[in-house]
$ cat structure.tsv   # TSV, C-alpha atoms
chain	number	residue	atom	x	y	z
A	25	MET	CA	0.00	0.00	0.00
A	26	SER	CA	2.79	2.37	0.91
A	27	GLU	CA	4.42	1.81	-2.46
A	28	ILE	CA	1.10	2.18	-4.23
A	29	LEU	CA	0.49	5.54	-2.58
A	30	SER	CA	3.89	6.96	-3.26
A	31	ASP	CA	3.76	5.81	-6.88
A	32	THR	CA	0.33	7.34	-7.26
A	33	VAL	CA	0.83	10.74	-5.75
A	34	CYS	CA	4.51	11.56	-6.06
A	35	LEU	CA	5.09	14.39	-8.52
A	36	SER	CA	8.82	13.94	-8.98
A	37	THR	CA	10.07	11.99	-11.96
A	38	SER	CA	12.28	8.99	-11.38
A	39	ASP	CA	15.25	10.88	-12.93
A	40	GLU	CA	14.81	13.68	-10.42
A	41	LEU	CA	14.54	11.21	-7.58
A	42	ILE	CA	17.76	9.47	-8.61
A	43	GLN	CA	19.54	12.82	-9.01
A	44	LEU	CA	18.47	13.91	-5.51
A	45	GLN	CA	19.50	10.58	-4.08
A	46	ASN	CA	22.95	10.92	-5.66
A	47	CYS	CA	23.18	14.41	-4.17
A	48	VAL	CA	22.52	13.11	-0.68
A	49	VAL	CA	25.15	10.39	-1.08
A	50	ALA	CA	27.66	13.10	-2.19
A	51	ILE	CA	26.65	15.38	0.70
A	52	GLY	CA	27.43	12.48	3.02
A	53	LEU	CA	30.97	12.72	1.62
A	54	HIS	CA	30.91	16.50	2.34
A	55	ASP	CA	30.49	17.64	-1.25
A	56	GLU	CA	29.38	21.29	-0.97
A	57	ASN	CA	28.32	21.46	-4.63
A	58	ALA	CA	25.92	18.60	-4.05
A	59	LEU	CA	24.38	20.49	-1.12
A	60	GLN	CA	23.95	23.50	-3.40
A	61	VAL	CA	22.18	21.36	-6.02
A	62	LEU	CA	19.87	19.83	-3.42
A	63	TYR	CA	19.21	23.26	-1.92
A	64	ASP	CA	18.32	24.80	-5.29
A	65	ALA	CA	16.08	21.87	-6.19
A	66	THR	CA	14.17	21.65	-2.91
A	67	LEU	CA	14.28	25.10	-1.25
A	68	SER	CA	10.74	26.06	-2.25
A	69	ARG	CA	9.34	22.80	-0.93
A	70	VAL	CA	11.19	22.97	2.40
A	71	TYR	CA	10.49	26.69	2.89
A	72	GLY	CA	6.88	26.30	1.70
A	73	LEU	CA	6.15	23.61	4.28
A	74	ALA	CA	7.97	25.54	7.04
A	75	LEU	CA	5.93	28.66	6.21
A	76	ARG	CA	2.63	26.78	6.19
A	77	ILE	CA	3.41	25.38	9.64
A	78	THR	CA	4.96	28.42	11.33
A	79	ARG	CA	2.91	31.04	9.42
A	80	ASN	CA	5.81	33.42	9.86
A	81	LYS	CA	8.47	34.28	7.28
A	82	GLN	CA	11.33	34.69	9.71
A	83	SER	CA	10.51	31.45	11.52
A	84	ALA	CA	10.23	29.64	8.18
A	85	GLU	CA	13.69	30.95	7.24
A	86	GLU	CA	15.16	29.67	10.49
A	87	VAL	CA	13.56	26.25	10.09
A	88	THR	CA	14.73	26.04	6.46
A	89	GLU	CA	18.29	26.91	7.43
A	90	ASP	CA	18.18	24.35	10.24
A	91	VAL	CA	16.88	21.61	7.91
A	92	PHE	CA	19.68	22.08	5.35
A	93	TRP	CA	22.24	22.22	8.15
A	94	GLN	CA	20.87	18.90	9.43
A	95	VAL	CA	21.08	17.48	5.91
A	96	TRP	CA	24.75	18.51	5.76
A	97	ARG	CA	25.46	16.88	9.09
A	98	ASN	CA	23.27	13.78	8.80
A	99	ALA	CA	23.16	12.93	5.09
A	100	ARG	CA	24.63	9.52	5.83
A	101	ASP	CA	21.53	8.65	7.86
A	102	PHE	CA	19.39	8.75	4.71
A	103	ASP	CA	18.22	5.27	3.75
A	104	PRO	CA	16.67	5.05	0.24
A	105	LYS	CA	14.94	1.80	1.21
A	106	ARG	CA	12.75	3.75	3.63
A	107	GLY	CA	11.55	6.46	1.25
A	108	SER	CA	12.52	9.16	-1.22
A	109	VAL	CA	14.85	12.08	-0.53
A	110	ILE	CA	11.89	14.44	-0.75
A	111	ALA	CA	9.94	12.42	1.83
A	112	TRP	CA	13.00	12.35	4.14
A	113	LEU	CA	13.58	16.07	3.74
A	114	LEU	CA	9.95	17.05	4.24
A	115	MET	CA	9.41	14.79	7.23
A	116	MET	CA	12.48	16.40	8.77
A	117	THR	CA	11.08	19.85	7.91
A	118	ARG	CA	7.68	19.08	9.40
A	119	SER	CA	9.22	17.74	12.57
A	120	ARG	CA	11.59	20.75	12.93
A	121	ALA	CA	8.88	23.27	12.18
A	122	LEU	CA	6.48	21.71	14.68
A	123	ASP	CA	9.24	21.65	17.32
A	124	TYR	CA	9.86	25.33	16.54
A	125	LEU	CA	6.15	26.07	16.88
A	126	ARG	CA	6.01	24.30	20.25
A	127	ARG	CA	8.96	26.35	21.53
A	128	GLN	CA	7.27	29.53	20.32
A	129	ASP	CA	4.01	28.54	22.00
A	130	LEU	CA	5.87	28.06	25.27
A	131	ALA	CA	7.59	31.43	24.85
A	132	GLU	CA	4.31	33.07	24.00
A	133	THR	CA	2.97	32.46	27.48
A	134	SER	CA	5.81	34.39	29.11
A	135	GLU	CA	7.28	36.79	26.51
A	136	GLU	CA	6.05	39.64	24.38
A	137	PRO	CA	3.15	38.23	22.37
A	138	GLU	CA	3.38	41.01	19.77
A	139	SER	CA	6.69	39.60	18.54
A	140	LEU	CA	5.01	36.30	17.75
A	141	VAL	CA	2.17	37.54	15.60
A	142	SER	CA	1.62	35.35	12.53
A	143	GLU	CA	2.82	36.77	9.28
A	144	VAL	CA	1.31	34.84	6.44
A	145	ALA	CA	2.67	35.46	2.98
A	146	LEU	CA	-0.22	33.88	1.10
A	147	ASP	CA	-3.62	35.08	-0.02
A	148	GLU	CA	-5.35	31.96	1.22
A	149	ASN	CA	-5.16	30.19	4.58
A	150	PRO	CA	-1.78	28.41	4.34
A	151	GLN	CA	-3.15	25.53	6.36
A	152	ASP	CA	-6.15	24.87	4.13
A	153	LEU	CA	-5.42	21.41	2.73
A	154	LEU	CA	-7.41	21.94	-0.46
A	155	CYS	CA	-5.47	25.12	-1.28
A	156	ALA	CA	-2.17	23.61	-0.20
A	157	ILE	CA	-2.60	20.62	-2.53
A	158	GLN	CA	-3.79	21.82	-5.91
A	159	ASN	CA	-1.24	20.33	-8.27
A	160	ASN	CA	-2.13	16.76	-7.61
A	161	LYS	CA	-5.68	16.39	-8.90
A	162	LEU	CA	-6.08	12.89	-7.53
A	163	LEU	CA	-5.11	13.81	-3.98
A	164	ASN	CA	-7.07	17.06	-4.17
A	165	ALA	CA	-10.17	15.15	-5.32
A	166	ALA	CA	-9.68	12.64	-2.52
A	167	LEU	CA	-9.50	15.47	0.04
A	168	LEU	CA	-12.60	17.03	-1.47
A	169	GLU	CA	-14.52	13.82	-0.84
A	170	LEU	CA	-13.94	14.10	2.91
A	171	GLU	CA	-16.42	15.87	5.17
A	172	PRO	CA	-15.24	19.44	5.91
A	173	ILE	CA	-14.86	18.63	9.61
A	174	GLN	CA	-12.62	15.66	8.74
A	175	ARG	CA	-10.43	17.86	6.52
A	176	GLN	CA	-10.16	20.48	9.26
A	177	LEU	CA	-9.16	17.94	11.91
A	178	ILE	CA	-6.57	16.35	9.61
A	179	ALA	CA	-5.18	19.84	8.87
A	180	MET	CA	-4.92	20.63	12.59
A	181	ALA	CA	-3.00	17.44	13.26
A	182	PHE	CA	-0.88	17.80	10.11
A	183	PHE	CA	0.08	21.49	10.16
A	184	ARG	CA	-0.05	22.15	13.89
A	185	GLY	CA	1.09	18.79	15.18
A	186	LEU	CA	-1.79	18.65	17.64
A	187	THR	CA	-2.51	15.33	19.32
A	188	HIS	CA	-6.08	14.08	19.36
A	189	GLU	CA	-6.32	15.17	23.02
A	190	GLU	CA	-5.07	18.68	22.16
A	191	ILE	CA	-7.59	18.94	19.31
A	192	THR	CA	-10.31	18.02	21.80
A	193	GLU	CA	-9.07	20.71	24.17
A	194	PHE	CA	-8.85	23.27	21.37
A	195	THR	CA	-12.18	22.56	19.65
A	196	GLY	CA	-14.34	21.18	22.43
A	197	ILE	CA	-15.15	18.12	20.25
A	198	ALA	CA	-15.24	14.88	22.25
A	199	LEU	CA	-12.05	12.82	22.08
A	200	GLY	CA	-13.81	9.76	20.69
A	201	THR	CA	-15.35	11.87	17.93
A	202	VAL	CA	-11.99	13.43	17.03
A	203	LYS	CA	-10.38	10.00	16.82
A	204	SER	CA	-13.16	8.48	14.73
A	205	HIS	CA	-13.24	11.47	12.33
A	206	ILE	CA	-9.48	11.32	11.78
A	207	ARG	CA	-9.38	7.54	11.38
A	208	ARG	CA	-12.31	7.52	9.00
A	209	ALA	CA	-10.67	10.30	6.99
A	210	LEU	CA	-7.33	8.46	6.77
A	211	LYS	CA	-9.05	5.24	5.77
A	212	ARG	CA	-11.16	7.05	3.18
A	213	LEU	CA	-8.10	8.76	1.68
A	214	GLN	CA	-6.24	5.47	1.41
A	215	GLY	CA	-9.27	3.82	-0.15
A	216	ILE	CA	-9.85	6.58	-2.71
A	217	LEU	CA	-6.21	6.69	-3.76
A	218	ALA	CA	-5.99	2.90	-4.10
A	219	GLU	CA	-9.27	2.84	-6.04
A	220	HIS	CA	-8.12	5.51	-8.49
A	221	LEU	CA	-4.88	3.64	-9.05
A	222	ALA	CA	-6.78	0.41	-9.77
A	223	GLU	CA	-9.00	2.25	-12.28
A	224	GLY	CA	-5.90	3.69	-13.95
A	225	ILE	CA	-4.38	0.25	-14.34
A	226	GLN	CA	-7.48	-1.34	-15.91
B	15	MET	CA	13.22	7.51	8.76
B	16	MET	CA	13.14	9.96	11.66
B	17	LYS	CA	9.55	9.84	12.88
B	18	LYS	CA	6.64	8.80	14.96
B	19	ARG	CA	6.25	12.17	16.65
B	20	TYR	CA	3.37	14.27	15.42
B	21	SER	CA	1.59	11.30	13.86
B	22	LEU	CA	-1.89	11.92	12.45
B	23	ASP	CA	-2.90	8.77	14.31
B	24	PRO	CA	-0.45	7.85	17.08
B	25	GLU	CA	-2.24	4.55	17.63
B	26	ASN	CA	-1.79	3.53	13.97
B	27	PRO	CA	1.37	5.43	13.00
B	28	LYS	CA	2.35	3.17	10.08
B	29	GLN	CA	-0.99	3.60	8.38
B	30	ALA	CA	-1.02	7.35	9.05
B	31	GLU	CA	2.50	7.73	7.67
B	32	GLN	CA	1.32	6.77	4.18
B	33	ILE	CA	-1.08	9.69	4.09
B	34	GLU	CA	1.40	12.03	5.80
B	35	SER	CA	3.96	11.28	3.09
B	36	ALA	CA	1.39	11.75	0.33
B	37	LEU	CA	0.38	15.14	1.73
B	38	LEU	CA	3.97	16.27	2.32
B	39	GLU	CA	5.17	15.32	-1.14
B	40	ASN	CA	2.33	17.14	-2.85
B	41	LEU	CA	2.16	20.47	-1.02
B	42	GLU	CA	2.40	23.50	-3.29
B	43	PRO	CA	5.95	24.87	-3.06
B	44	ILE	CA	6.50	28.49	-1.97
B	45	LEU	CA	9.72	30.18	-3.01
B	46	PRO	CA	11.13	32.65	-0.47
B	47	ASP	CA	11.81	36.12	-1.90
B	48	SER	CA	15.31	37.05	-3.05
B	49	GLN	CA	16.27	38.76	0.23
B	50	GLN	CA	15.19	35.76	2.24
B	51	ARG	CA	17.03	33.41	-0.11
B	52	ALA	CA	20.17	35.49	0.31
B	53	ARG	CA	19.84	35.46	4.12
B	54	ILE	CA	19.29	31.68	4.32
B	55	HIS	CA	22.18	31.06	1.93
B	56	GLN	CA	24.47	33.42	3.82
B	57	ARG	CA	23.74	31.85	7.20
B	58	LEU	CA	24.29	28.36	5.83
B	59	LEU	CA	27.62	29.40	4.35
B	60	LYS	CA	28.72	30.78	7.72
B	61	LYS	CA	28.09	27.40	9.33
$ encode --input "structure.tsv" --output "structure tokens"
Amino acid sequence: MSEILSDTVCLSTSDELIQLQNCVVAIGLHDENALQVLYDATLSRVYGLALRITRNKQSAEEVTEDVFWQVWRNARDFDPKRGSVIAWLLMMTRSRALDYLRRQDLAETSEEPESLVSEVALDENPQDLLCAIQNNKLLNAALLELEPIQRQLIAMAFFRGLTHEEITEFTGIALGTVKSHIRRALKRLQGILAEHLAEGIQ
Amino acid sequence: MMKKRYSLDPENPKQAEQIESALLENLEPILPDSQQRARIHQRLLKK
């Protein structure tokens, strides 16, 4: 299933994937040119995700810088058997950006709140899943088939890193309802994507 | 892969990871403006 999904929804061509993979191998040998190539090829994806999560340009810059610094230091940890370079890079970005957000939230309770005001560089809500995923028609259509509440809960967990308990606290929706909405949504997305792939094959 | 924190479904992380990856890999990119690009680049070079 995992392979089916990544084959279905990944936008990168296999040539690009191989090129990025070669870059990471070279970065592991401390090749600065390879880091530059990876940086040029993936900056907008890393920064874009960091901005959607932090909703602040300066914070997104800091996260982006941190991610590429981690790539430089930990390129040897990349294992192609466990996923693509893009997946590795973006999972790292999401994790770093959510950590950053958590630290900011802690600071917000004791420091000047005005310095932490969100600065969104987009016309639309950067955390609206339908707006955030427009290029991939299949995934966009799958998201569109979810109930709006399911999409919103998935977006809260995805972009804000909220646990089910935190979503309950934040929204006032019962924990059992949050869990069942999210699980149903994940199951539905998997089903729709698998179904579309099967139709494409026939 | 570094993970398991911030899972969409901590009780079924493997299953959730498939959708997380699909969403991550298909987000619309946003290019930082030229000043931001210069700042990020500069700070990385210093390191």
$ closest_atom_pairs --input "structure.tsv" --of "chain A" --to "chain B" --cutoff "6 Å" --atoms "only C-alpha atoms" --output "Markdown table"
| residue | atom | partner | partner_atom | distance |
| --- | --- | --- | --- | --- |
| A:Ser26 | CA | B:Gln32 | CA | 5.7 |
| A:Ser68 | CA | B:Leu45 | CA | 4.3 |
| A:Arg69 | CA | B:Pro43 | CA | 4.5 |
| A:Gly72 | CA | B:Ile44 | CA | 4.3 |
| A:Glu89 | CA | B:Ile54 | CA | 5.8 |
| A:Ala156 | CA | B:Leu41 | CA | 5.4 |
| A:Ile157 | CA | B:Leu41 | CA | 5.0 |
| A:Ala181 | CA | B:Leu22 | CA | 5.7 |
| A:Gly185 | CA | B:Tyr20 | CA | 5.1 |
$ axis_aligned_box --input "structure.tsv" --around "range 34-42 of chain B" --padding-each-side "5 Å" --output "AutoDock Vina command-line options"
--center_x 2.8 --center_y 17.4 --center_z 1.3 --size_x 14.8 --size_y 22.2 --size_z 19.1
$ residues_around --input "structure.tsv" --residues "Phe92 in chain A" --least-positions-apart "6" --cutoff "12 Å" --atoms "only C-alpha atoms" --output "mmCIF file with C-alpha atoms, in the frame of the given file"
data_model
loop_
_atom_site.group_PDB
_atom_site.id
_atom_site.type_symbol
_atom_site.label_atom_id
_atom_site.label_comp_id
_atom_site.auth_asym_id
_atom_site.auth_seq_id
_atom_site.Cartn_x
_atom_site.Cartn_y
_atom_site.Cartn_z
ATOM 1 C CA VAL A 48 22.520 13.110 -0.680
ATOM 2 C CA ILE A 51 26.650 15.380 0.700
ATOM 3 C CA GLU A 56 29.380 21.290 -0.970
ATOM 4 C CA ALA A 58 25.920 18.600 -4.050
ATOM 5 C CA LEU A 59 24.380 20.490 -1.120
ATOM 6 C CA GLN A 60 23.950 23.500 -3.400
ATOM 7 C CA VAL A 61 22.180 21.360 -6.020
ATOM 8 C CA LEU A 62 19.870 19.830 -3.420
ATOM 9 C CA TYR A 63 19.210 23.260 -1.920
ATOM 10 C CA ASP A 64 18.320 24.800 -5.290
ATOM 11 C CA THR A 66 14.170 21.650 -2.910
ATOM 12 C CA LEU A 67 14.280 25.100 -1.250
ATOM 13 C CA VAL A 70 11.190 22.970 2.400
ATOM 14 C CA TYR A 71 10.490 26.690 2.890
ATOM 15 C CA GLU A 85 13.690 30.950 7.240
ATOM 16 C CA GLU A 86 15.160 29.670 10.490
ATOM 17 C CA ASN A 98 23.270 13.780 8.800
ATOM 18 C CA ALA A 99 23.160 12.930 5.090
ATOM 19 C CA TRP A 112 13.000 12.350 4.140
ATOM 20 C CA LEU A 113 13.580 16.070 3.740
ATOM 21 C CA LEU A 114 9.950 17.050 4.240
ATOM 22 C CA MET A 116 12.480 16.400 8.770
ATOM 23 C CA THR A 117 11.080 19.850 7.910
ATOM 24 C CA ARG A 120 11.590 20.750 12.930
ATOM 25 C CA ILE B 54 19.290 31.680 4.320
ATOM 26 C CA HIS B 55 22.180 31.060 1.930
ATOM 27 C CA ARG B 57 23.740 31.850 7.200
ATOM 28 C CA LEU B 58 24.290 28.360 5.830
ATOM 29 C CA LEU B 59 27.620 29.400 4.350
ATOM 30 C CA LYS B 61 28.090 27.400 9.330
#
$ atom_distance --input "structure.tsv" --atom1 "CA of Asp103 in chain A" --atom2 "CA of Ile77 in chain A"
25.7 Å
$ build_atoms --input "structure.tsv" --residues "range 79-96 of chain A" --atoms "N, CA and C atoms" --output "CSV table (one decimal), keeping the file's coordinate frame"
chain,number,residue,atom,x,y,z
A,79,ARG,N,3.7,29.9,9.8
A,79,ARG,CA,2.9,31.0,9.4
A,79,ARG,C,3.7,32.3,9.7
A,80,ASN,N,5.0,32.3,9.6
A,80,ASN,CA,5.8,33.4,9.9
A,80,ASN,C,7.1,33.3,9.0
A,81,LYS,N,7.4,34.4,8.2
A,81,LYS,CA,8.5,34.3,7.3
A,81,LYS,C,9.8,34.0,8.0
A,82,GLN,N,10.0,34.8,9.0
A,82,GLN,CA,11.3,34.7,9.7
A,82,GLN,C,11.5,33.3,10.3
A,83,SER,N,10.4,32.8,10.9
A,83,SER,CA,10.5,31.4,11.5
A,83,SER,C,10.7,30.4,10.4
A,84,ALA,N,10.1,30.6,9.3
A,84,ALA,CA,10.2,29.6,8.2
A,84,ALA,C,11.7,29.7,7.7
A,85,GLU,N,12.3,30.8,7.6
A,85,GLU,CA,13.7,31.0,7.2
A,85,GLU,C,14.6,30.2,8.2
A,86,GLU,N,14.3,30.4,9.5
A,86,GLU,CA,15.2,29.7,10.5
A,86,GLU,C,15.0,28.2,10.4
A,87,VAL,N,13.8,27.7,10.2
A,87,VAL,CA,13.6,26.2,10.1
A,87,VAL,C,14.3,25.7,8.8
A,88,THR,N,14.1,26.5,7.7
A,88,THR,CA,14.7,26.0,6.5
A,88,THR,C,16.2,25.9,6.6
A,89,GLU,N,16.8,26.9,7.2
A,89,GLU,CA,18.3,26.9,7.4
A,89,GLU,C,18.7,25.7,8.3
A,90,ASP,N,17.9,25.5,9.3
A,90,ASP,CA,18.2,24.4,10.2
A,90,ASP,C,18.1,23.0,9.5
A,91,VAL,N,17.1,22.9,8.6
A,91,VAL,CA,16.9,21.6,7.9
A,91,VAL,C,18.1,21.3,7.0
A,92,PHE,N,18.5,22.3,6.2
A,92,PHE,CA,19.7,22.1,5.4
A,92,PHE,C,21.0,21.8,6.1
A,93,TRP,N,21.1,22.5,7.3
A,93,TRP,CA,22.2,22.2,8.2
A,93,TRP,C,22.2,20.8,8.6
A,94,GLN,N,21.0,20.3,9.0
A,94,GLN,CA,20.9,18.9,9.4
A,94,GLN,C,21.2,18.0,8.3
A,95,VAL,N,20.8,18.3,7.1
A,95,VAL,CA,21.1,17.5,5.9
A,95,VAL,C,22.6,17.4,5.8
A,96,TRP,N,23.3,18.5,5.9
A,96,TRP,CA,24.8,18.5,5.8
A,96,TRP,C,25.4,17.6,6.8
